[in-house]
Structure formats: C-alpha cells, structure tokens
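A.B. asks: Structure file my_file_11.pdb (PDB, C-alpha atoms) is given on the next line.
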```pdb
ATOM      1  CA  MET H 288       0.000   0.000   0.000
ATOM      2  CA  LYS H 289       2.834   2.400   0.848
ATOM      3  CA  LYS H 290       4.453   1.828  -2.561
ATOM      4  CA  LEU H 291       1.112   2.421  -4.281
ATOM      5  CA  LEU H 292       0.606   5.711  -2.439
ATOM      6  CA  ILE H 293       4.115   6.831  -3.375
ATOM      7  CA  LEU H 294       3.428   6.003  -7.019
ATOM      8  CA  LEU H 295       0.080   7.820  -7.064
ATOM      9  CA  PHE H 296       1.650  10.868  -5.429
ATOM     10  CA  SER H 297       4.461  10.819  -8.001
ATOM     11  CA  ILE H 298       1.981  10.704 -10.883
ATOM     12  CA  SER H 299      -0.144  13.529  -9.474
ATOM     13  CA  MET H 300       2.920  15.710  -8.876
ATOM     14  CA  TYR H 301       4.193  15.026 -12.382
ATOM     15  CA  PHE H 302       1.018  16.265 -14.033
ATOM     16  CA  SER H 303       0.706  19.238 -11.679
ATOM     17  CA  TYR H 304       4.169  20.337 -12.766
ATOM     18  CA  SER H 305       3.637  19.744 -16.482
ATOM     19  CA  GLN H 306       0.137  20.634 -17.652
ATOM     20  CA  GLN H 307      -1.081  24.119 -16.773
ATOM     21  CA  MET H 308      -4.072  26.299 -17.639
ATOM     22  CA  GLY H 309      -4.001  30.083 -17.849
ATOM     23  CA  PHE H 310      -6.910  32.538 -18.111
ATOM     24  CA  PHE H 311      -6.111  36.036 -19.352
ATOM     25  CA  TYR H 312      -8.416  39.032 -19.582
ATOM     26  CA  ILE H 313      -8.709  42.377 -21.316
ATOM     27  CA  THR H 314      -7.716  44.782 -18.548
ATOM     28  CA  ASP H 315      -7.530  48.154 -20.289
ATOM     29  CA  GLY H 316      -9.625  50.175 -22.724
ATOM     30  CA  ASN H 317      -6.661  50.354 -25.130
ATOM     31  CA  ASP H 318      -6.448  46.568 -25.339
ATOM     32  CA  ASP H 319      -9.492  45.976 -27.560
ATOM     33  CA  GLY H 320     -10.894  47.836 -30.539
ATOM     34  CA  ASP H 321     -11.704  47.604 -34.235
ATOM     35  CA  GLU H 322     -10.890  49.556 -37.375
ATOM     36  CA  VAL H 323     -11.414  49.512 -41.104
ATOM     37  CA  PHE H 324      -8.050  48.880 -42.805
ATOM     38  CA  ASN H 325      -5.643  51.808 -42.437
ATOM     39  CA  HIS H 326      -8.089  53.873 -40.383
ATOM     40  CA  VAL H 327      -8.121  55.038 -36.763
ATOM     41  CA  PRO H 328      -9.388  52.318 -34.373
ATOM     42  CA  VAL H 329     -12.573  52.756 -32.364
ATOM     43  CA  LEU H 330     -11.683  52.082 -28.722
ATOM     44  CA  ASP H 331     -14.460  53.505 -26.578
ATOM     45  CA  ARG H 332     -17.604  51.560 -27.531
ATOM     46  CA  GLU H 333     -19.195  48.922 -25.311
ATOM     47  CA  TYR H 334     -19.062  46.369 -28.129
ATOM     48  CA  LEU H 335     -16.595  45.067 -30.713
ATOM     49  CA  LYS H 336     -17.344  44.486 -34.373
ATOM     50  CA  LEU H 337     -16.152  41.374 -36.209
ATOM     51  CA  GLY H 338     -16.729  40.949 -39.932
ATOM     52  CA  TRP H 339     -17.666  43.507 -42.566
ATOM     53  CA  SER H 340     -18.709  47.146 -42.345
ATOM     54  CA  PRO H 341     -22.115  48.164 -43.793
ATOM     55  CA  ASP H 342     -20.355  49.378 -46.953
ATOM     56  CA  GLY H 343     -18.493  46.078 -47.408
ATOM     57  CA  HIS H 344     -15.068  46.960 -45.994
ATOM     58  CA  ALA H 345     -13.172  44.438 -43.877
ATOM     59  CA  ILE H 346     -13.096  45.237 -40.160
ATOM     60  CA  TYR H 347      -9.843  44.499 -38.324
ATOM     61  CA  THR H 348     -10.520  43.652 -34.670
ATOM     62  CA  GLY H 349      -7.621  43.721 -32.203
ATOM     63  CA  LEU H 350      -7.416  42.025 -28.798
ATOM     64  CA  ARG H 351      -4.388  42.496 -26.533
ATOM     65  CA  PHE H 352      -3.875  40.322 -23.465
ATOM     66  CA  GLN H 353      -1.407  41.439 -20.831
ATOM     67  CA  ASN H 354       0.640  39.321 -18.434
ATOM     68  CA  VAL H 355       0.424  36.088 -20.436
ATOM     69  CA  THR H 356       2.408  33.653 -18.305
ATOM     70  CA  SER H 357       3.194  30.929 -20.859
ATOM     71  CA  PRO H 358       7.017  30.601 -20.744
ATOM     72  CA  LYS H 359       9.193  30.560 -23.835
ATOM     73  CA  GLY H 360       9.537  27.027 -25.190
ATOM     74  CA  SER H 361       6.241  25.821 -23.732
ATOM     75  CA  GLU H 362       4.135  23.395 -25.728
ATOM     76  CA  VAL H 363       0.693  24.947 -26.185
ATOM     77  CA  LEU H 364      -1.908  22.185 -26.211
ATOM     78  CA  SER H 365      -4.948  24.364 -26.800
ATOM     79  CA  ALA H 366      -5.815  28.050 -26.808
ATOM     80  CA  HIS H 367      -9.132  29.779 -27.402
ATOM     81  CA  ILE H 368     -10.644  33.235 -27.065
ATOM     82  CA  GLN H 369     -14.127  33.352 -25.586
ATOM     83  CA  PHE H 370     -16.474  36.163 -26.619
ATOM     84  CA  THR H 371     -19.823  37.215 -25.149
ATOM     85  CA  ALA H 372     -22.290  38.191 -27.866
ATOM     86  CA  SER H 373     -23.794  41.659 -27.505
ATOM     87  CA  HIS H 374     -26.226  41.214 -30.417
ATOM     88  CA  ASP H 375     -27.949  38.347 -32.225
ATOM     89  CA  GLU H 376     -26.319  37.215 -35.479
ATOM     90  CA  ILE H 377     -27.456  33.946 -37.064
ATOM     91  CA  ASP H 378     -25.602  34.324 -40.361
ATOM     92  CA  THR H 379     -22.177  32.868 -41.104
ATOM     93  CA  ILE H 380     -19.071  35.052 -41.117
ATOM     94  CA  TYR H 381     -15.657  33.719 -42.124
ATOM     95  CA  ILE H 382     -12.825  35.092 -39.992
ATOM     96  CA  ARG H 383      -9.049  34.703 -40.185
ATOM     97  CA  ILE H 384      -7.184  35.068 -36.893
ATOM     98  CA  GLU H 385      -3.519  36.081 -36.712
ATOM     99  CA  GLY H 386      -1.207  37.256 -33.972
ATOM    100  CA  GLU H 387       1.131  40.207 -33.871
ATOM    101  CA  LEU H 388       4.687  38.995 -34.368
ATOM    102  CA  SER H 389       6.064  40.893 -31.401
ATOM    103  CA  PRO H 390       7.605  39.563 -28.175
ATOM    104  CA  ASN H 391       5.643  42.173 -26.209
ATOM    105  CA  ALA H 392       2.691  43.718 -28.048
ATOM    106  CA  ALA H 393       2.048  47.431 -27.560
ATOM    107  CA  PRO H 394      -1.417  48.782 -26.653
ATOM    108  CA  ILE H 395      -3.808  49.834 -29.406
ATOM    109  CA  ALA H 396      -3.463  53.565 -30.036
ATOM    110  CA  SER H 397      -5.824  56.125 -31.556
ATOM    111  CA  GLU H 398      -3.624  56.260 -34.639
ATOM    112  CA  VAL H 399      -4.143  55.258 -38.258
ATOM    113  CA  GLY H 400      -3.530  51.533 -38.742
ATOM    114  CA  SER H 401      -2.760  50.777 -35.094
ATOM    115  CA  ILE H 402      -4.434  47.384 -35.579
ATOM    116  CA  SER H 403      -4.353  46.620 -39.301
ATOM    117  CA  LEU H 404      -0.743  47.665 -40.031
ATOM    118  CA  ARG H 405       0.961  45.502 -37.415
ATOM    119  CA  ASN H 406       3.458  42.799 -38.363
ATOM    120  CA  MET H 407       1.512  39.518 -38.401
ATOM    121  CA  THR H 408       2.524  35.974 -37.481
ATOM    122  CA  GLY H 409       3.118  33.451 -40.222
ATOM    123  CA  MET H 410       0.614  31.121 -38.559
ATOM    124  CA  SER H 411      -3.094  31.905 -38.801
ATOM    125  CA  GLN H 412      -6.338  30.154 -37.995
ATOM    126  CA  SER H 413      -9.721  30.198 -39.712
ATOM    127  CA  TRP H 414     -12.866  30.579 -37.642
ATOM    128  CA  ILE H 415     -16.517  30.572 -38.652
ATOM    129  CA  THR H 416     -18.932  32.602 -36.537
ATOM    130  CA  GLN H 417     -22.610  31.717 -36.622
ATOM    131  CA  ASN H 418     -25.665  31.452 -34.378
ATOM    132  CA  TRP H 419     -24.587  34.242 -32.031
ATOM    133  CA  GLN H 420     -27.247  34.940 -29.420
ATOM    134  CA  PHE H 421     -27.490  38.042 -27.254
ATOM    135  CA  PHE H 422     -25.544  37.942 -23.973
ATOM    136  CA  THR H 423     -24.241  34.437 -24.644
ATOM    137  CA  PRO H 424     -20.632  33.285 -23.987
ATOM    138  CA  GLY H 425     -21.151  29.797 -25.403
ATOM    139  CA  PRO H 426     -19.260  27.431 -27.729
ATOM    140  CA  ASP H 427     -20.441  29.340 -30.825
ATOM    141  CA  GLN H 428     -18.651  32.408 -29.461
ATOM    142  CA  ARG H 429     -15.425  30.483 -28.834
ATOM    143  CA  THR H 430     -12.637  30.583 -31.411
ATOM    144  CA  SER H 431     -10.938  27.626 -33.008
ATOM    145  CA  ASN H 432      -7.613  26.454 -31.555
ATOM    146  CA  LEU H 433      -4.970  29.213 -31.573
ATOM    147  CA  ASN H 434      -2.129  27.085 -30.189
ATOM    148  CA  GLU H 435       0.153  27.388 -33.237
ATOM    149  CA  ILE H 436      -0.179  31.180 -33.285
ATOM    150  CA  ILE H 437       0.734  31.419 -29.607
ATOM    151  CA  GLU H 438       3.704  29.072 -29.988
ATOM    152  CA  GLU H 439       5.067  31.289 -32.769
ATOM    153  CA  ILE H 440       4.733  34.334 -30.496
ATOM    154  CA  ILE H 441       6.278  32.842 -27.354
ATOM    155  CA  ASN H 442       9.222  31.290 -29.211
ATOM    156  CA  GLN H 443      10.481  34.681 -30.388
ATOM    157  CA  ASP H 444      13.661  36.200 -29.020
ATOM    158  CA  GLY H 445      12.657  38.612 -26.284
ATOM    159  CA  TRP H 446       9.529  36.800 -25.148
ATOM    160  CA  VAL H 447       9.332  36.236 -21.396
ATOM    161  CA  SER H 448       6.488  35.036 -19.227
ATOM    162  CA  GLY H 449       4.307  38.016 -18.319
ATOM    163  CA  ASN H 450       4.569  39.829 -21.657
ATOM    164  CA  ALA H 451       1.580  40.899 -23.751
ATOM    165  CA  MET H 452       0.286  39.356 -26.982
ATOM    166  CA  LEU H 453      -2.204  40.732 -29.494
ATOM    167  CA  PHE H 454      -4.575  38.904 -31.847
ATOM    168  CA  ILE H 455      -6.102  40.342 -35.006
ATOM    169  CA  PHE H 456      -9.407  39.176 -36.496
ATOM    170  CA  LYS H 457     -10.283  39.997 -40.084
ATOM    171  CA  PRO H 458     -12.971  38.580 -42.392
ATOM    172  CA  TYR H 459     -12.195  36.908 -45.668
ATOM    173  CA  PRO H 460     -14.466  36.646 -48.703
ATOM    174  CA  VAL H 461     -16.002  33.362 -49.792
ATOM    175  CA  ASN H 462     -16.212  32.672 -53.541
ATOM    176  CA  GLY H 463     -14.428  35.964 -54.140
ATOM    177  CA  GLU H 464     -17.240  38.055 -52.698
ATOM    178  CA  SER H 465     -17.240  40.168 -49.552
ATOM    179  CA  ASP H 466     -20.335  40.788 -47.462
ATOM    180  CA  THR H 467     -21.905  43.284 -45.083
ATOM    181  CA  LEU H 468     -22.414  40.912 -42.144
ATOM    182  CA  MET H 469     -20.895  41.481 -38.731
ATOM    183  CA  ALA H 470     -20.994  39.855 -35.312
ATOM    184  CA  MET H 471     -20.784  41.954 -32.165
ATOM    185  CA  SER H 472     -19.192  41.152 -28.821
ATOM    186  CA  TYR H 473     -18.909  43.059 -25.578
ATOM    187  CA  GLU H 474     -15.576  44.754 -24.956
ATOM    188  CA  TYR H 475     -13.718  46.118 -21.923
ATOM    189  CA  GLU H 476     -15.874  49.257 -21.596
ATOM    190  CA  MET H 477     -18.842  47.008 -20.766
ATOM    191  CA  GLY H 478     -16.868  45.403 -17.926
ATOM    192  CA  GLU H 479     -13.850  43.122 -17.669
ATOM    193  CA  TRP H 480     -15.947  39.984 -17.145
ATOM    194  CA  TYR H 481     -17.886  40.556 -20.376
ATOM    195  CA  ALA H 482     -14.805  41.326 -22.473
ATOM    196  CA  PRO H 483     -13.067  38.574 -24.492
ATOM    197  CA  GLN H 484     -11.016  36.086 -22.475
ATOM    198  CA  LEU H 485      -7.977  34.080 -23.576
ATOM    199  CA  GLN H 486      -7.700  30.506 -22.289
ATOM    200  CA  VAL H 487      -4.370  28.698 -22.764
ATOM    201  CA  GLU H 488      -3.477  25.127 -21.803
ATOM    202  CA  TYR H 489       0.230  24.377 -22.020
ATOM    203  CA  ILE H 490       3.129  22.258 -20.810
ATOM    204  CA  ASN H 491       6.211  23.982 -19.453
ATOM    205  CA  TRP H 492       8.856  21.406 -20.335
ATOM    206  CA  ALA H 493      11.498  23.286 -18.349
ATOM    207  CA  ASP H 494       9.457  22.552 -15.216
ATOM    208  CA  VAL H 495       8.995  18.926 -16.214
ATOM    209  CA  ASN H 496      12.710  18.414 -16.743
ATOM    210  CA  GLU H 497      13.467  20.006 -13.381
ATOM    211  CA  HIS H 498      11.123  17.719 -11.439
ATOM    212  CA  SER H 499      11.516  14.392 -13.269
ATOM    213  CA  GLU H 500      14.197  11.897 -14.268
ATOM    214  CA  PHE H 501      14.047  12.212 -18.043
ATOM    215  CA  SER H 502      17.666  11.222 -18.587
ATOM    216  CA  LYS H 503      16.921   7.674 -17.406
ATOM    217  CA  ILE H 504      14.703   6.654 -20.341
ATOM    218  CA  ASN H 505      15.117   6.807 -24.107
ATOM    219  CA  ILE H 506      12.399   6.201 -26.702
ATOM    220  CA  TYR H 507      13.031   5.668 -30.388
ATOM    221  CA  PRO H 508      11.786   6.547 -32.855
ATOM    222  CA  ASN H 509      10.167   9.619 -31.356
ATOM    223  CA  PRO H 510       7.968  10.849 -33.027
ATOM    224  CA  ALA H 511       6.675   7.354 -33.786
ATOM    225  CA  ASN H 512       3.794   5.901 -35.764
ATOM    226  CA  ASP H 513       3.435   2.164 -35.127
ATOM    227  CA  GLN H 514       6.288   0.666 -33.060
ATOM    228  CA  ILE H 515       8.625   2.032 -30.389
ATOM    229  CA  LYS H 516      11.608   0.759 -28.431
ATOM    230  CA  ILE H 517      12.290   1.865 -24.863
ATOM    231  CA  CYS H 518      15.763   1.782 -23.379
ATOM    232  CA  SER H 519      16.593   2.340 -19.702
ATOM    233  CA  LYS H 520      19.469   0.468 -18.063
ATOM    234  CA  GLU H 521      18.331   1.310 -14.547
ATOM    235  CA  PHE H 522      14.629   0.551 -14.892
ATOM    236  CA  LEU H 523      14.881  -2.529 -17.115
ATOM    237  CA  ALA H 524      17.261  -4.260 -14.711
ATOM    238  CA  LYS H 525      14.293  -5.349 -12.572
ATOM    239  CA  ASP H 526      10.724  -6.489 -13.162
ATOM    240  CA  GLY H 527       8.364  -3.633 -13.865
ATOM    241  CA  ILE H 528       5.500  -2.100 -15.818
ATOM    242  CA  LEU H 529       5.482   0.090 -18.918
ATOM    243  CA  GLU H 530       2.532   2.475 -19.234
ATOM    244  CA  ILE H 531       1.406   4.877 -21.952
ATOM    245  CA  MET H 532      -0.823   7.714 -20.722
ATOM    246  CA  ASN H 533      -2.625  10.516 -22.511
ATOM    247  CA  MET H 534      -2.377  14.200 -21.611
ATOM    248  CA  ASN H 535      -5.052  13.806 -18.930
ATOM    249  CA  GLY H 536      -3.099  11.075 -17.152
ATOM    250  CA  LYS H 537      -5.422   8.289 -18.333
ATOM    251  CA  LYS H 538      -3.638   4.981 -18.954
ATOM    252  CA  ILE H 539      -4.025   3.904 -22.590
ATOM    253  CA  LEU H 540      -1.581   0.985 -22.881
ATOM    254  CA  GLU H 541       0.229  -1.217 -20.368
ATOM    255  CA  LYS H 542       2.906  -3.896 -20.659
ATOM    256  CA  GLN H 543       4.565  -5.872 -17.884
ATOM    257  CA  PHE H 544       8.205  -6.812 -18.346
ATOM    258  CA  SER H 545      10.761  -9.030 -16.639
ATOM    259  CA  ALA H 546      14.293  -7.977 -15.742
ATOM    260  CA  GLN H 547      16.324  -7.735 -18.958
ATOM    261  CA  THR H 548      19.144  -5.953 -20.680
ATOM    262  CA  ASP H 549      17.460  -5.573 -24.081
ATOM    263  CA  ASP H 550      15.113  -2.795 -25.150
ATOM    264  CA  ILE H 551      11.357  -3.144 -24.688
ATOM    265  CA  GLU H 552       9.286  -3.060 -27.862
ATOM    266  CA  LEU H 553       5.710  -1.786 -27.842
ATOM    267  CA  ASP H 554       3.049  -1.623 -30.551
ATOM    268  CA  VAL H 555       1.544   1.888 -30.559
ATOM    269  CA  SER H 556      -0.297   1.633 -33.883
ATOM    270  CA  SER H 557      -3.642   1.978 -32.073
ATOM    271  CA  LEU H 558      -2.781   5.461 -30.768
ATOM    272  CA  GLN H 559      -4.068   8.578 -32.477
ATOM    273  CA  ASN H 560      -1.777  11.471 -33.389
ATOM    274  CA  GLY H 561      -0.852  13.529 -30.354
ATOM    275  CA  VAL H 562       1.318  13.812 -27.255
ATOM    276  CA  TYR H 563       1.500  10.984 -24.707
ATOM    277  CA  PHE H 564       3.621  10.057 -21.705
ATOM    278  CA  CYS H 565       5.632   6.837 -21.485
ATOM    279  CA  ARG H 566       6.234   5.735 -17.897
ATOM    280  CA  LEU H 567       8.478   2.958 -16.568
ATOM    281  CA  ILE H 568       7.671   1.715 -13.070
ATOM    282  CA  SER H 569      10.045  -0.572 -11.174
ATOM    283  CA  GLU H 570       9.739  -1.290  -7.452
ATOM    284  CA  ASN H 571       8.927   2.071  -5.856
ATOM    285  CA  LYS H 572      10.515   4.242  -8.565
ATOM    286  CA  SER H 573       9.241   5.595 -11.857
ATOM    287  CA  THR H 574      10.518   7.683 -14.736
ATOM    288  CA  THR H 575       8.602   9.362 -17.552
ATOM    289  CA  GLN H 576       9.294  10.637 -21.048
ATOM    290  CA  LYS H 577       7.195  12.417 -23.636
ATOM    291  CA  LEU H 578       6.080  10.353 -26.640
ATOM    292  CA  ILE H 579       4.766  11.935 -29.831
ATOM    293  CA  ILE H 580       2.611   9.907 -32.220
ATOM    294  CA  GLN H 581       2.716  11.261 -35.758
ATOM    295  CA  LYS H 582       1.310   9.219 -38.652
TER     296      LYS H 582
END
```
Translate this file's structure into structure tokens.
C.D. replies:
Amino acid sequence: MKKLLILLFSISMYFSYSQQMGFFYITDGNDDGDEVFNHVPVLDREYLKLGWSPDGHAIYTGLRFQNVTSPKGSEVLSAHIQFTASHDEIDTIYIRIEGELSPNAAPIASEVGSISLRNMTGMSQSWITQNWQFFTPGPDQRTSNLNEIIEEIINQDGWVSGNAMLFIFKPYPVNGESDTLMAMSYEYEMGEWYAPQLQVEYINWADVNEHSEFSKINIYPNPANDQIKICSKEFLAKDGILEIMNMNGKKILEKQFSAQTDDIELDVSSLQNGVYFCRLISENKSTTQKLIIQK
C-alpha cells in the first residue's frame, strides 16, 4: 500500500508540474478595438465588431492580453478566445485570426492603422462565426484552436512570461465576394468579465525536466507511428511495468516486463496522433518521457 501511495503521489505531482491552464483578460480600454483597414481604431464603444462594415469593408478587430504567463519554449496544447455576444447574429461570417509577431505587443493607439498595419505571425487560424445569441458566452462564441499562433509568439527572441500578446481578427471573402455581415461582442468598456477572455493550456517542459528523471529513459523513434523501443538500463534491470498515458493522465496501454538488458518493444499503432507520456515503473521508482505519435 505504501508503494502504491508513493506512485500515485508521483503521478499527481508530475502532471501538476507539467500541464497548466491560464486565463487572461482584457484589462484596459486600449487593449481591444476595431478599425477599417488603415483607419483610426474605435476604442471607446461597449461592443466590438467582427466581420464587414455596412459598406463592405473588412473590419480588423484587435485584442491584446497582458501578463500572459506561458514561458518561452512551452508546448501549447490548446488556446481559445471566448467572446460574449452583444447582439444576435445567425448568419455565417468567415474570420481569419492572426497574432502580432512581437515579443511584447504594444497597446492599441488612436492612430491610423494601429491594428491593421501591425506585423503579423506566419501562422493563422480560420474561424466561422454563426448562431450568435445576445448575452451568450457559449461554444459558438469560442474561437478555433490558436495554439500554433501562440507558440510562434512565445518562441520569439525577447519573449518572457508576463509579456503581452495581441490577436487580429479579419474577415475573408467566400467565392471571391465580400459581405456586409458582422458579429458583435462586448468589450472592456462594458466590464472586464464581459470582455473577451484568452484561455491557454500548455506544458512547461522546463518545469517537467526540473522535477523528473528524463535522462533515465530513451524512446526511439520519437515521433513514432506504429512501433517504439524503450531503453533504460536502470529501470529494465528489474521487473516492472510500462505504461502509456494521454495528456489527462489516463492509462491507454500497459505492458509488464521481466528484468532484462534488451530494449522493450511496444506496438503503438492503435494510438491517435498527439502527445502521450511513457512511464516505466520498477519497485517504488518511476521515470517518464514524452512520446509523440505522428502518422
């Protein structure tokens, strides 16, 4: 029982160190606004516009989040911005989301092009808005996954945990035609809790390396697609268990092994693409390494 408790504590501590969730808010009136391309942004309304202006011009919407605590080199698992609709809009609007390629984004200013003329990230993400209902912060008001955009931002020289990042939303035409549709969301002037919120789930691998024994296990190939070999002189010298867990700590595969000097082979062809953890357990010790499945 004592060994089991030690193992469970080790697993819980491992995931508490590795997988983290951050919630970031608009905290200033100069951190959200919208503008028609190369115009002066509107910063003092109680709502944001996303989509097209009544005369068919693209609206550039900017959102700046301060004190984003994802460290440089983190692996961003998922990231979304949650809006709260200020008006009903049942029609479909096609939006492209980009980030500002800056290690510490400046506030939005009352100057021409303060949103639309910023240097954009190479990564972008498409998002379709539809079925917006008044005063609703539901899944229809939640963006697609922005993890690749955020990783590009936080891997720049000069990025440190606590810096600011800015996202830019602009519509794109379908079948070569623009539109006059727009969706509306509350912004900071309506109150911080109604303004857009950034949610980021990430792994800080620097923390993981500090609190685990990664050097004691090797996996190859990694990334893998169907078969892996695990090598660990210390942990394979005695009977033990090999486990594969998903990002939530749920055990997906398990294999018991006897003391040996050869590598352990494991069929991982049943795993979907993604990030997993490979854990070796022997007596009252364990060691873990990241495994990437890429087919």
A.B. asks: What is the CA of Pro460 in chain H-CA of Trp339 in chain H distance in Å, reported with one decimal?
C.D. replies: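 Distance between the two atoms: 9.7 Å.
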A.B. asks: Would you kindly return, as a list in words, each protein, DNA or RNA residue with an atom no farther than 9 Å from any atom of Tyr489 in chain H, considering all atoms listed in the file and excluding same-chain residues fewer than 2 positions away?
C.D. replies: Ser305, Gln306, Gln307, Met308, Gly309, Ser357, Ser361, Glu362, Val363, Leu364, Ser365, Ala366, Asn434, Val487 and Asn491 of chain H
A.B. asks: So how far away is CA of Leu578 in chain H from CA of Asp513 in chain H, in Å?
C.D. replies: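 Those two atoms sit 12.1 Å apart.
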A.B. asks: To test your reading of the syntax: which residues would the PyMOL selection byres ((chain H and resi 569) around 8) return for the file shown? Reply as a list of chain:residue names.
C.D. replies: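 Taken on the displayed file, the PyMOL selection byres ((chain H and resi 569) around 8) yields the residues H:Phe522, H:Leu523, H:Lys525, H:Asp526, H:Gly527, H:Ile528, H:Leu567, H:Ile568, H:Glu570, H:Asn571, H:Lys572, H:Ser573.
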A.B. asks: For CA of Gly449 in chain H and CA of Phe352 in chain H, quote the distance in Å rounded to one decimal.
C.D. replies: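 Separation between CA of Gly449 in chain H and CA of Phe352 in chain H: 9.9 Å.
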A.B. asks: Contacts of Val562 in chain H at 8 Å or less, counting only C-alpha atoms, minus same-chain residues fewer than 3 places along, as a list in words?
C.D. replies: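 Close residues of Val562 in chain H: Asn533, Met534, Lys577, Leu578, Ile579 and Ile580 of chain H.
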A.B. asks: I need the residue set behind the PyMOL selection byres ((chain H and resi 532) around 12) for this file; please write it as an MDAnalysis selection string.
C.D. replies: chainID H and resid 298 302 529:531 533:541 555 558 561:567 575:579
A.B. asks: Restricting the calculation to only C-alpha atoms, which member of H:Asp315, H:Asp427, H:Asp466, H:Asp554 is positioned closest to Ser340 in chain H?
C.D. replies: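 Smallest distance to Ser340 in chain H is found for H:Asp466.
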A.B. asks: In terms of the shortest atom-to-atom distance over only C-alpha atoms, which of H:Ile506, H:Ile415, H:Val461, H:Val329 is closest to Val399 in chain H?
C.D. replies: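 Of H:Ile506, H:Ile415, H:Val461, H:Val329, the one nearest Val399 in chain H is H:Val329, counting only C-alpha atoms.
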A.B. asks: Excluding Thr416 in chain H and its own-chain neighbours fewer than 2 positions away, which residues fall within 8 Å of it when counting all atoms listed in the file? Please give them as a PyMOL selection string.
C.D. replies: chain H and resi 378-382+414+418-419+427-428+470
A.B. asks: Quick check on the file I pasted: which residues fall under the PyMOL selection byres ((chain H and resi 395) around 9)? Write them as a PDB file with C-alpha atoms, in the coordinates of the input.
C.D. replies:
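Dumped to part_39.pdb:
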```pdb
ATOM      1  CA  GLY H 316      -9.625  50.175 -22.724  1.00  0.00           C
ATOM      2  CA  ASN H 317      -6.661  50.354 -25.130  1.00  0.00           C
ATOM      3  CA  ASP H 318      -6.448  46.568 -25.339  1.00  0.00           C
ATOM      4  CA  ASP H 319      -9.492  45.976 -27.560  1.00  0.00           C
ATOM      5  CA  GLY H 320     -10.894  47.836 -30.539  1.00  0.00           C
ATOM      6  CA  PRO H 328      -9.388  52.318 -34.373  1.00  0.00           C
ATOM      7  CA  LEU H 330     -11.683  52.082 -28.722  1.00  0.00           C
ATOM      8  CA  GLY H 349      -7.621  43.721 -32.203  1.00  0.00           C
ATOM      9  CA  LEU H 350      -7.416  42.025 -28.798  1.00  0.00           C
ATOM     10  CA  ARG H 351      -4.388  42.496 -26.533  1.00  0.00           C
ATOM     11  CA  ALA H 393       2.048  47.431 -27.560  1.00  0.00           C
ATOM     12  CA  PRO H 394      -1.417  48.782 -26.653  1.00  0.00           C
ATOM     13  CA  ALA H 396      -3.463  53.565 -30.036  1.00  0.00           C
ATOM     14  CA  SER H 397      -5.824  56.125 -31.556  1.00  0.00           C
ATOM     15  CA  GLU H 398      -3.624  56.260 -34.639  1.00  0.00           C
ATOM     16  CA  SER H 401      -2.760  50.777 -35.094  1.00  0.00           C
ATOM     17  CA  ILE H 402      -4.434  47.384 -35.579  1.00  0.00           C
TER      18      ILE H 402
END
```
A.B. asks: Point out the residue among H:Asp444, H:Asp331, H:Glu438, H:Glu474 with the least atom-to-atom distance to Ile490 in chain H, counting all atoms listed in the file.
C.D. replies: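 Under the stated criterion, the closest residue is H:Glu438.
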